[in-house]
Amino acid sequence: MSLKPTQFGVLIDRAYALSQMIPVLDAAKAEGRVLWLDMEKRPYTMTTIWIGERLLERYDQVGICVQANLKRTADDI
């Protein structure tokens with residue numbers, strides 16, 4: 001299962017987007033599935049990582065798809 005943070009309202013507020021993702025996370029957890037966050041544009045990198053960290057606090061099967069072409073990616077990992 002893969003989510004794009006911008007589709008969950010990250011442009012409104014990152015905490016709001018997180019609250020919208022929790023039900024999806026709970027469904028993934030109930031099914032024993034991995035939940036992936038898509039890395040979108042560079043301006044959302046830190047927010048996506050923040051959301052990923054919060055989701056990992058609730059379920060250990062969360063991953064973030066990083067963009068290999070960004071110079072900062074190695075540090076983000």
# chains A, B, ... in the order shown; residues from 1 in each chain; ligands from 1
>>> select_by_dssp(residues="chain A", states="strand (DSSP E or B)", output="PyMOL selection string")
chain A and resi 2-3+35-38+62-65
>>> residues_around(residues="Glu40 (chain A)", least_positions_apart="2", cutoff="8 Å", atoms="only C-alpha atoms", output="ChimeraX atom specification")
/A:4-5,38,42,44-45
>>> write_last_selection(atoms="C-alpha atoms", output="tab-separated table (two decimals), in the first residue's frame")
chain	number	residue	atom	x	y	z
A	4	LYS	CA	1.21	10.30	-1.28
A	5	PRO	CA	1.23	12.78	1.62
A	38	ASP	CA	5.90	8.15	-1.59
A	42	ARG	CA	11.75	18.23	-2.56
A	44	TYR	CA	7.92	17.97	1.19
A	45	THR	CA	10.90	15.79	2.05
>>> residues_around(residues="Met21 (chain A)", least_positions_apart="3", cutoff="10 Å", atoms="only C-alpha atoms", output="ChimeraX atom specification")
/A:3-5,7-9,15-18,24-26,51,55
>>> closest_residue(among="A:Ser19, A:Trp36, A:Ile12, A:Ala30", to="Val62 (chain A)", atoms="only C-alpha atoms")
A:Trp36
>>> select_by_dssp(residues="region 40-72 of chain A", states="helix (DSSP H, G or I)", output="PyMOL selection string")
chain A and resi 42-58
>>> residues_around(residues="Ala28 (chain A)", least_positions_apart="4", cutoff="10 Å", atoms="only C-alpha atoms", output="PyMOL selection string")
chain A and resi 1+22-24+32-35+59+61-62
>>> atom_distance(atom1="CA of Pro43 (chain A)", atom2="CA of Cys65 (chain A)")
15.1 Å
>>> atom_distance(atom1="CA of Lys29 (chain A)", atom2="CA of Leu11 (chain A)")
25.7 Å
>>> closest_residue(among="A:Asp75, A:Thr6, A:Thr47, A:Arg58", to="Gln20 (chain A)", atoms="only C-alpha atoms")
A:Thr6
>>> atom_distance(atom1="CA of Glu31 (chain A)", atom2="CA of Asp60 (chain A)")
13.4 Å
>>> residues_around(residues="Ile49 (chain A)", least_positions_apart="4", cutoff="9 Å", atoms="only C-alpha atoms", output="PyMOL selection string")
chain A and resi 37+39+44-45+53-54+64+76
